[in-house]
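The file protein_27.txt contains compact mmCIF, C-alpha atoms:
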```txt
# COMPACT_ATOMS: atom_id res chain seq x y z
CA MET A 72 -4.54 -1.74 -44.50
CA ARG A 73 -2.10 -1.71 -41.60
CA ALA A 74 -2.70 2.03 -41.26
CA ALA A 75 -6.47 1.48 -41.10
CA VAL A 76 -6.00 -1.08 -38.32
CA LEU A 77 -3.80 1.31 -36.34
CA VAL A 78 -6.29 4.18 -36.74
CA ALA A 79 -9.08 1.85 -35.58
CA VAL A 80 -6.99 0.82 -32.55
CA MET A 81 -6.33 4.47 -31.67
CA ALA A 82 -10.01 5.30 -31.99
CA ALA A 83 -11.13 2.25 -30.00
CA VAL A 84 -8.72 2.85 -27.12
CA THR A 85 -9.56 6.55 -26.98
CA ILE A 86 -13.29 5.84 -26.93
CA LEU A 87 -12.82 3.10 -24.34
CA LEU A 88 -10.93 5.51 -22.06
CA ARG A 89 -13.67 8.09 -22.28
CA PHE A 90 -16.48 5.60 -21.63
CA LEU A 91 -14.86 3.33 -19.07
CA PRO A 92 -15.51 5.47 -15.96
CA PHE A 93 -19.16 5.79 -16.89
CA LEU A 94 -19.41 2.01 -17.16
CA LEU A 95 -17.35 1.04 -14.13
CA ILE A 96 -17.30 3.63 -11.42
CA ARG A 97 -20.13 3.79 -8.94
CA GLY A 98 -19.68 6.28 -6.14
CA GLU A 99 -16.25 7.37 -4.93
CA THR A 100 -13.20 7.35 -7.21
CA PRO A 101 -10.56 4.93 -5.87
CA PRO A 102 -7.70 7.00 -4.32
CA TYR A 103 -5.02 5.33 -6.43
CA ILE A 104 -6.90 6.22 -9.61
CA ALA A 105 -7.36 9.78 -8.38
CA TYR A 106 -3.63 9.94 -7.64
CA LEU A 107 -2.72 8.71 -11.11
CA GLY A 108 -5.16 11.25 -12.52
CA ARG A 109 -3.13 13.98 -10.91
CA VAL A 110 0.42 12.84 -11.58
CA LEU A 111 0.19 10.92 -14.85
CA PRO A 112 -0.72 13.76 -17.25
CA PRO A 113 2.39 15.91 -16.55
CA ALA A 114 4.60 12.80 -16.63
CA ILE A 115 3.18 11.69 -19.97
CA ILE A 116 3.67 15.16 -21.44
CA GLY A 117 7.31 14.89 -20.33
CA MET A 118 7.50 11.49 -22.00
CA LEU A 119 6.06 12.89 -25.22
CA VAL A 120 8.59 15.72 -25.29
CA ILE A 121 11.39 13.16 -25.22
CA TYR A 122 9.52 11.00 -27.71
CA CYS A 123 9.33 13.89 -30.17
CA LEU A 124 13.04 14.61 -29.84
CA LYS A 125 14.16 10.97 -29.94
CA ASP A 126 15.55 11.08 -33.49
CA VAL A 127 17.71 14.14 -32.92
CA GLN A 128 21.34 13.06 -33.09
CA PRO A 129 23.17 15.07 -30.38
CA GLY A 130 26.46 14.76 -32.28
CA ASP A 131 25.08 16.41 -35.39
CA PRO A 132 24.86 20.22 -35.05
CA SER A 133 22.56 20.51 -38.08
CA GLN A 134 20.00 18.47 -36.11
CA LEU A 135 20.83 19.52 -32.58
CA LEU A 136 20.84 23.29 -33.07
CA PRO A 137 17.44 23.65 -34.79
CA ALA A 138 15.88 21.37 -32.15
CA LEU A 139 17.52 23.29 -29.32
CA LEU A 140 16.64 26.72 -30.69
CA GLY A 141 13.10 25.66 -31.56
CA THR A 142 12.65 24.27 -28.05
CA ALA A 143 14.08 27.43 -26.51
CA ALA A 144 11.70 29.55 -28.59
CA VAL A 145 8.67 27.58 -27.42
CA VAL A 146 9.71 27.55 -23.75
CA GLY A 147 10.66 31.22 -23.76
CA LEU A 148 7.51 32.40 -25.51
CA GLN A 149 5.29 30.21 -23.34
CA ALA A 150 6.89 31.53 -20.15
CA TRP A 151 6.59 35.09 -21.42
CA LYS A 152 3.17 35.22 -23.09
CA ARG A 153 1.45 32.09 -21.74
CA ASN A 154 -0.22 31.64 -25.13
CA SER A 155 0.20 28.06 -26.32
CA LEU A 156 -0.93 28.70 -29.86
CA LEU A 157 1.57 31.52 -30.29
CA SER A 158 4.40 29.44 -28.81
CA ILE A 159 3.65 26.48 -31.08
CA LEU A 160 3.36 28.56 -34.23
CA ALA A 161 6.45 30.66 -33.58
CA GLY A 162 8.53 27.68 -32.42
CA THR A 163 7.59 25.67 -35.49
CA LEU A 164 8.40 28.62 -37.72
CA VAL A 165 11.82 29.06 -36.08
CA TYR A 166 12.53 25.37 -36.59
CA MET A 167 11.35 25.34 -40.20
CA VAL A 168 13.44 28.39 -41.13
CA LEU A 169 16.48 26.82 -39.45
CA VAL A 170 16.23 23.43 -41.16
CA GLN A 171 15.34 24.92 -44.54
CA ALA A 172 17.48 28.02 -44.81
CA VAL A 173 20.30 27.83 -42.28
CA PHE A 174 21.43 24.27 -41.77
CA MET B 40 -36.14 23.71 -31.57
CA ASP B 41 -34.82 26.38 -29.29
CA HIS B 42 -32.18 28.28 -31.22
CA GLN B 43 -31.24 30.31 -28.19
CA VAL B 44 -29.44 27.32 -26.65
CA VAL B 45 -27.55 26.66 -29.87
CA ARG B 46 -26.49 30.30 -30.04
CA GLN B 47 -25.30 30.27 -26.43
CA ALA B 48 -23.42 27.04 -27.05
CA PHE B 49 -21.76 28.58 -30.09
CA LEU B 50 -20.64 31.64 -28.13
CA LYS B 51 -19.24 29.41 -25.41
CA SER B 52 -17.26 27.43 -27.98
CA VAL B 53 -15.73 30.41 -29.81
CA PRO B 54 -12.53 30.53 -27.71
CA VAL B 55 -11.75 26.98 -28.79
CA MET B 56 -12.27 27.74 -32.46
CA ALA B 57 -8.92 29.36 -33.28
CA GLY B 58 -6.92 26.77 -31.39
CA TYR B 59 -8.67 23.79 -32.91
CA VAL B 60 -8.62 25.11 -36.46
CA VAL B 61 -4.93 26.03 -36.33
CA LEU B 62 -3.80 22.83 -34.59
CA GLY B 63 -6.06 20.86 -36.93
CA ILE B 64 -4.42 22.49 -39.94
CA GLY B 65 -1.01 21.58 -38.54
CA PHE B 66 -2.15 17.99 -38.15
CA GLY B 67 -3.60 17.85 -41.67
CA ILE B 68 -0.38 19.17 -43.21
CA LEU B 69 1.69 16.75 -41.15
CA LEU B 70 -0.47 13.77 -42.09
CA ARG B 71 -0.37 14.79 -45.75
CA ALA B 72 3.40 15.07 -45.59
CA ALA B 73 3.48 11.55 -44.14
CA GLY B 74 1.63 10.30 -47.19
CA TYR B 75 -1.95 10.11 -45.92
CA GLY B 76 -4.50 12.28 -47.69
CA VAL B 77 -7.69 14.07 -46.84
CA LEU B 78 -9.83 11.01 -46.19
CA TRP B 79 -7.39 9.84 -43.53
CA SER B 80 -7.44 13.27 -41.96
CA LEU B 81 -11.23 13.26 -41.95
CA ALA B 82 -11.48 9.73 -40.57
CA MET B 83 -8.99 10.39 -37.79
CA SER B 84 -10.51 13.69 -36.71
CA VAL B 85 -14.01 12.22 -36.70
CA CYS B 86 -13.25 8.83 -35.10
CA ILE B 87 -10.27 9.47 -32.80
CA TYR B 88 -10.87 13.15 -32.08
CA ALA B 89 -7.95 13.64 -29.70
CA GLY B 90 -5.49 16.34 -30.68
CA SER B 91 -2.18 15.24 -29.24
CA MET B 92 -2.93 11.57 -29.91
CA GLN B 93 -3.53 12.27 -33.57
CA TYR B 94 -0.16 14.01 -33.79
CA VAL B 95 1.49 11.03 -32.14
CA GLY B 96 -0.61 8.81 -34.41
CA VAL B 97 1.07 10.26 -37.52
CA ASP B 98 4.36 9.09 -36.09
CA LEU B 99 3.00 5.65 -35.25
CA LEU B 100 1.62 5.28 -38.78
CA THR B 101 4.88 6.20 -40.48
CA GLY B 102 7.19 4.63 -37.91
CA GLY B 103 5.92 1.09 -38.33
CA ALA B 104 4.49 0.72 -34.83
CA SER B 105 2.88 -2.55 -33.83
CA VAL B 106 -0.75 -2.86 -32.78
CA LEU B 107 0.36 -3.38 -29.18
CA THR B 108 2.58 -0.29 -29.17
CA THR B 109 -0.23 1.72 -30.76
CA ALA B 110 -2.78 0.54 -28.20
CA LEU B 111 -0.50 1.14 -25.21
CA THR B 112 0.66 4.52 -26.50
CA THR B 113 -2.92 5.60 -27.07
CA PHE B 114 -3.76 4.39 -23.60
CA MET B 115 -1.01 6.40 -21.95
CA VAL B 116 -1.35 9.54 -24.05
CA ASN B 117 -5.11 9.62 -23.54
CA ALA B 118 -5.27 8.22 -20.01
CA ARG B 119 -6.12 11.70 -18.76
CA HIS B 120 -9.48 11.32 -20.48
CA LEU B 121 -10.37 8.74 -17.85
CA PHE B 122 -10.22 11.52 -15.33
CA TYR B 123 -12.25 13.98 -17.35
CA SER B 124 -14.93 11.32 -17.57
CA ILE B 125 -14.71 10.52 -13.88
CA SER B 126 -15.34 14.13 -13.00
CA MET B 127 -18.29 14.32 -15.39
CA ILE B 128 -20.07 11.17 -14.22
CA ASP B 129 -22.60 13.03 -12.13
CA ARG B 130 -23.10 15.85 -14.59
CA TYR B 131 -23.78 13.58 -17.57
CA LYS B 132 -25.82 11.08 -15.56
CA ASP B 133 -29.22 12.06 -16.92
CA ALA B 134 -28.16 13.28 -20.33
CA GLY B 135 -30.26 10.64 -22.12
CA ARG B 136 -29.82 10.54 -25.86
CA TYR B 137 -27.07 13.15 -25.71
CA LYS B 138 -24.98 11.06 -23.35
CA PRO B 139 -23.02 8.84 -25.80
CA TYR B 140 -21.83 11.79 -27.85
CA LEU B 141 -21.11 13.94 -24.78
CA ILE B 142 -18.81 11.20 -23.49
CA PHE B 143 -17.24 10.52 -26.87
CA ALA B 144 -16.45 14.20 -27.44
CA LEU B 145 -14.93 14.92 -24.03
CA THR B 146 -11.57 16.33 -25.16
CA ASP B 147 -9.23 18.58 -23.15
CA GLU B 148 -10.78 21.73 -24.57
CA THR B 149 -14.38 20.59 -24.29
CA TYR B 150 -13.72 19.50 -20.73
CA SER B 151 -12.20 22.87 -19.90
CA LEU B 152 -15.28 24.63 -21.27
CA LEU B 153 -17.82 22.40 -19.54
CA SER B 154 -16.07 21.57 -16.29
CA ASP B 155 -17.07 24.84 -14.62
CA GLY B 156 -20.63 23.54 -14.69
CA THR B 157 -22.34 26.76 -15.73
CA VAL B 158 -25.23 26.32 -18.12
CA PRO B 159 -27.67 28.95 -19.39
CA SER B 160 -30.68 26.93 -18.28
CA GLU B 161 -31.00 23.74 -16.26
CA GLN B 162 -33.76 22.34 -18.45
CA GLU B 163 -31.63 22.66 -21.56
CA ALA B 164 -28.31 21.79 -19.89
CA HIS B 165 -27.65 18.61 -21.82
CA ARG B 166 -28.61 20.03 -25.18
CA TYR B 167 -26.39 23.02 -24.48
CA ARG B 168 -23.44 20.79 -23.59
CA PHE B 169 -24.14 18.66 -26.63
CA PHE B 170 -23.88 21.65 -28.94
CA VAL B 171 -20.75 22.99 -27.25
CA SER B 172 -19.17 19.56 -27.82
CA LEU B 173 -20.41 19.39 -31.39
CA PHE B 174 -19.18 22.89 -32.30
CA ASN B 175 -15.77 22.05 -30.88
CA GLN B 176 -15.46 18.87 -32.92
CA SER B 177 -16.63 20.68 -36.03
CA TYR B 178 -13.73 23.16 -35.62
CA TRP B 179 -11.30 20.31 -35.19
CA VAL B 180 -12.55 18.35 -38.22
CA THR B 181 -12.58 21.54 -40.30
CA GLY B 182 -8.99 22.29 -39.35
CA CYS B 183 -7.77 18.75 -40.05
CA VAL B 184 -9.45 18.62 -43.47
CA LEU B 185 -8.31 22.13 -44.34
CA GLY B 186 -4.73 21.30 -43.39
CA SER B 187 -4.74 18.24 -45.56
CA LEU B 188 -6.03 20.23 -48.53
CA LEU B 189 -3.60 23.09 -47.87
CA GLY B 190 -0.74 20.64 -47.53
CA ALA B 191 -1.31 19.55 -51.11
CA VAL B 192 -1.10 23.04 -52.59
CA LEU B 193 1.19 25.01 -50.29
CA PRO B 194 3.66 27.00 -52.38
CA PHE B 195 6.50 26.63 -49.88
CA SER B 196 8.32 23.69 -48.45
CA THR B 197 6.78 22.16 -45.35
CA LYS B 198 10.08 20.63 -44.30
CA GLY B 199 10.32 20.89 -40.54
CA ILE B 200 6.54 21.13 -40.04
CA GLU B 201 6.80 18.01 -37.88
CA PHE B 202 8.23 20.23 -35.17
CA SER B 203 4.68 21.47 -34.55
CA MET B 204 4.04 18.26 -32.61
CA THR B 205 7.20 18.77 -30.55
CA ALA B 206 6.23 22.38 -29.98
CA LEU B 207 2.74 21.34 -28.88
CA PHE B 208 4.11 19.11 -26.13
CA ILE B 209 6.88 21.49 -25.09
CA ALA B 210 4.30 24.27 -24.73
CA SER B 211 2.05 22.01 -22.61
CA PHE B 212 5.03 20.93 -20.58
CA THR B 213 6.12 24.52 -19.95
CA GLU B 214 2.61 25.67 -19.09
CA GLN B 215 2.18 22.71 -16.76
CA TRP B 216 5.52 23.49 -15.15
CA LEU B 217 4.59 27.14 -14.60
CA THR B 218 1.18 26.43 -13.10
CA SER B 219 2.13 23.48 -10.89
CA HIS B 220 4.19 23.55 -7.71
CA ASP B 221 4.82 19.83 -7.80
CA HIS B 222 7.36 19.19 -10.54
CA ILE B 223 8.06 15.62 -9.56
CA PRO B 224 5.57 13.99 -11.95
CA ALA B 225 6.90 16.05 -14.87
CA LEU B 226 10.51 15.24 -13.98
CA THR B 227 9.61 11.58 -13.53
CA GLY B 228 8.20 11.57 -17.05
CA LEU B 229 11.30 13.21 -18.53
CA LEU B 230 13.89 11.16 -16.68
CA CYS B 231 12.20 7.76 -16.96
CA THR B 232 11.77 8.27 -20.69
CA LEU B 233 15.36 9.44 -21.16
CA LEU B 234 16.61 6.44 -19.23
CA SER B 235 14.42 4.13 -21.26
CA LEU B 236 15.62 5.75 -24.50
CA VAL B 237 19.25 5.22 -23.53
CA VAL B 238 18.69 1.61 -22.45
CA PHE B 239 16.26 0.39 -25.11
CA GLY B 240 16.99 2.65 -28.09
CA ALA B 241 14.75 4.88 -30.19
CA GLU B 242 12.82 2.01 -31.75
CA ARG B 243 11.43 0.34 -28.65
CA PHE B 244 11.69 2.61 -25.64
CA LEU B 245 8.11 3.80 -25.44
CA ILE B 246 6.48 0.84 -23.68
CA PRO B 247 9.30 0.43 -21.12
CA ALA B 248 9.10 4.18 -20.50
CA MET B 249 5.36 4.02 -19.81
CA LEU B 250 5.78 1.07 -17.45
CA LEU B 251 8.68 2.75 -15.66
CA ILE B 252 6.78 6.02 -15.24
CA THR B 253 3.75 4.24 -13.80
CA ALA B 254 5.96 2.17 -11.48
CA VAL B 255 7.98 5.15 -10.23
CA LEU B 256 4.90 7.30 -9.66
CA THR B 257 3.25 4.42 -7.80
CA LEU B 258 6.33 4.06 -5.59
CA LEU B 259 6.45 7.81 -4.94
CA ARG B 260 2.85 7.66 -3.83
CA GLY B 261 3.69 4.91 -1.33
CA LYS B 262 6.44 7.14 0.01
CA SER B 263 4.43 10.28 0.38
CA VAL B 264 1.74 8.48 2.36
CA GLN B 265 4.18 8.64 5.26
CA GLY B 266 3.83 12.34 5.90
CA THR B 267 6.49 12.73 8.57
CA VAL B 268 9.07 10.81 6.59
CA LEU B 269 8.22 12.92 3.59
CA CYS B 270 9.04 16.11 5.45
CA THR B 271 12.28 15.02 7.08
CA ALA B 272 13.85 12.32 5.01
CA GLY B 273 15.31 14.68 2.44
CA SER B 274 14.09 12.55 -0.40
CA GLU B 275 13.41 14.24 -3.70
CA SER B 276 9.73 14.54 -2.94
CA ALA B 277 10.42 15.98 0.48
CA GLN B 278 12.57 18.68 -1.04
CA GLY B 279 9.86 19.55 -3.51
CA THR B 280 7.40 19.80 -0.69
CA VAL B 281 9.53 21.90 1.58
CA LEU B 282 10.38 24.23 -1.28
CA ARG B 283 6.70 24.84 -1.54
CA ALA B 284 6.55 25.55 2.16
CA ALA B 285 9.25 28.20 1.83
CA GLY B 286 7.43 29.98 -0.96
CA SER B 287 3.98 29.48 0.44
CA GLU B 288 1.63 32.43 0.36
CA SER B 289 -0.36 31.03 3.23
CA ALA B 290 2.45 31.80 5.63
CA GLN B 291 0.80 32.53 8.93
CA GLY B 292 3.54 32.46 11.51
CA THR B 293 2.93 28.94 12.66
CA VAL B 294 4.87 26.16 11.12
CA LEU B 295 2.78 23.30 9.97
CA CYS B 296 3.17 20.55 7.46
CA ALA B 297 -0.04 18.73 6.92
CA ALA B 298 0.08 15.45 5.14
CA GLY B 299 -3.12 13.58 4.77
CA SER B 300 -5.23 11.85 2.20
CA GLU B 301 -4.16 14.56 -0.20
CA SER B 302 -0.58 13.75 0.63
CA ALA B 303 -1.32 10.15 -0.05
CA GLN B 304 -1.59 11.61 -3.50
CA GLY B 305 1.73 13.37 -3.22
CA THR B 306 0.59 16.89 -2.45
CA VAL B 307 1.27 18.31 0.92
CA LEU B 308 -0.16 21.46 2.28
CA CYS B 309 2.57 23.48 3.92
CA ALA B 310 2.75 26.84 5.58
CA THR B 311 5.71 28.50 7.16
CA GLY B 312 6.37 31.69 9.11
CA GLY B 313 6.00 35.00 7.28
CA GLU B 314 9.57 36.28 7.58
CA GLU B 315 10.87 32.79 7.31
CA GLY B 316 9.12 32.43 3.99
CA GLN B 317 12.33 33.01 2.09
CA ARG B 318 14.22 30.28 3.83
CA THR B 319 15.91 27.84 1.60
CA ALA B 320 14.59 24.36 1.22
CA GLU B 321 17.51 22.96 3.15
CA SER B 322 17.18 25.10 6.23
CA ALA B 323 13.43 24.70 6.19
CA GLN B 324 13.98 21.00 6.10
CA ARG B 325 16.25 21.12 9.12
CA THR B 326 14.22 23.41 11.29
CA VAL B 327 10.59 23.05 10.33
CA PRO B 328 8.89 20.54 12.56
CA CYS B 329 6.34 18.55 10.69
CA VAL B 330 3.01 17.35 11.85
CA SER B 331 1.32 14.69 9.85
CA HIS B 332 -2.37 14.10 10.02
CA GLU B 333 -5.25 13.14 7.84
CA ARG B 334 -6.90 15.84 5.82
CA GLU B 335 -10.25 14.69 7.12
CA GLU B 336 -9.11 15.52 10.64
CA GLU B 337 -8.06 18.92 9.49
CA SER B 338 -11.43 19.89 8.14
```
Using structure tokens, write down the structure from this file.
Amino acid sequence: MRAAVLVAVMAAVTILLRFLPFLLIRGETPPYIAYLGRVLPPAIIGMLVIYCLKDVQPGDPSQLLPALLGTAAVVGLQAWKRNSLLSILAGTLVYMVLVQAVF
Amino acid sequence: MDHQVVRQAFLKSVPVMAGYVVLGIGFGILLRAAGYGVLWSLAMSVCIYAGSMQYVGVDLLTGGASVLTTALTTFMVNARHLFYSISMIDRYKDAGRYKPYLIFALTDETYSLLSDGTVPSEQEAHRYRFFVSLFNQSYWVTGCVLGSLLGAVLPFSTKGIEFSMTALFIASFTEQWLTSHDHIPALTGLLCTLLSLVVFGAERFLIPAMLLITAVLTLLRGKSVQGTVLCTAGSESAQGTVLRAAGSESAQGTVLCAAGSESAQGTVLCATGGEEGQRTAESAQRTVPCVSHEREEES
């Protein structure tokens, strides 16, 4: 039940965000909104990276090392090949092997 | 019914297919591992239809998030959709019966396919865009459902699969970093969130982080409105800007820092002398005289 409510909230907010400009904006986009449109997405991606890694205990090598190596694999592959799908798949694989077979 | 338009829309959507199916499968497996089966995967991919948000959503579902946290997180994670919509207002203006779905289905990938504005025929433009959007969502829903079904029968352990979400954001972050010259927003996001995590703890840092990010970015905007200060003050944003001047390809011999309405948004157009192009940020900062003027005046 609680899960259904949360899914409904996620759907409603997402839909609202997509429709709002069509309902509200007439003519020019306000400069502050345009500014946020430029700077917010990269900042939020940064926030989500930290969010994803929040439960990693830095003092515990069996958590820290897979996370570090997985991250390094994604960053390295992305910088090298610029193919997000490849980076995600390979990074996840590296992490899974590390947590299942090594640590 | 003109099948030609549908065919063209399908061909346009093909590049998105692999990405959506694979990421969808990852999501389905993750959601299954979190204890939510195929109907949940179907419902979320049909009703929410936002890739990264659905990944975060798995975490919110299992982590015991409140309605407020869920709403605010969705708002921040998907805020970029506001801007996709803003840029499509004119294009979707006369879309008629296709309009509600076109707006609903405006994801990152669909936006990237449709934002260039090319359509095979003007008369059929809206139907074409409708089918591109619909094909894209069908790939996503297929992937999500497939992942959920696969997750139930996979012969190997899926332990660690949750890293796919982390990898998704790290890949976006890296790509964003490589394509953008202005790293201040990205760093703001990282540092504000880290600070918030340290201060508020892993359970309740998300909302403070979002507020802090918005506040800091708003303050940085106020700063960069003052173009001359931006170039000489040696603030973090000034250094970022001058760094860009040093590496600028548009080096033309004259030294000019233009800061206008664009710079009100934090970007500053800078050019510096050809041979001087390699100067370090610091020396550029000391020696480059800066002129600040409105972009409108420039053009």
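For Gln128 of chain A, the non-local neighbours within 12 Å, defined as residues at least 5 positions apart in the same chain or in other chains and counting only C-alpha atoms, are Ser133, Gln134, Leu135, Leu136, Pro137, Ala138 and Leu139 of chain A; Ala241 of chain B.
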Can you write out the residues you just picked, keeping C-alpha atoms, as an mmCIF file, keeping the file's coordinate frame?
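Written file, selection.cif:
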```
data_model
loop_
_atom_site.group_PDB
_atom_site.id
_atom_site.type_symbol
_atom_site.label_atom_id
_atom_site.label_comp_id
_atom_site.auth_asym_id
_atom_site.auth_seq_id
_atom_site.Cartn_x
_atom_site.Cartn_y
_atom_site.Cartn_z
ATOM 1 C CA SER A 133 22.560 20.510 -38.080
ATOM 2 C CA GLN A 134 20.000 18.470 -36.110
ATOM 3 C CA LEU A 135 20.830 19.520 -32.580
ATOM 4 C CA LEU A 136 20.840 23.290 -33.070
ATOM 5 C CA PRO A 137 17.440 23.650 -34.790
ATOM 6 C CA ALA A 138 15.880 21.370 -32.150
ATOM 7 C CA LEU A 139 17.520 23.290 -29.320
ATOM 8 C CA ALA B 241 14.750 4.880 -30.190
#
```
Could you please select, counting only C-alpha atoms, the residues of chain B within 7 Å of chain A and state them as a PyMOL selection string? chain B and resi 58+83+86-87+100+106+109-110+113-114+116-122+124-125+128+142-143+198-200+202-203+205-210+212-215+224-229+232-233+241+304
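Taking atom CA of Ser235 of chain B and atom CA of Gly96 of chain B as the two end points, the separation is 20.5 Å.
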Separation of atom CA of Ser52 of chain B from atom CA of Val171 of chain B, in Å and rounded to one decimal: 5.7 Å
Around segment 128-143 of chain A, with edges along x, y and z and 6 Å added on all six sides, what centre and edge lengths do you get, in Å to one decimal, as AutoDock Vina command-line options?
```
--center_x 19.6 --center_y 20.2 --center_z -32.3 --size_x 25.8 --size_y 26.4 --size_z 23.6
```
Using Å and a single decimal, report how far atom CA of Leu69 of chain B sits from atom CA of Pro194 of chain B.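 The value is 15.3 Å.
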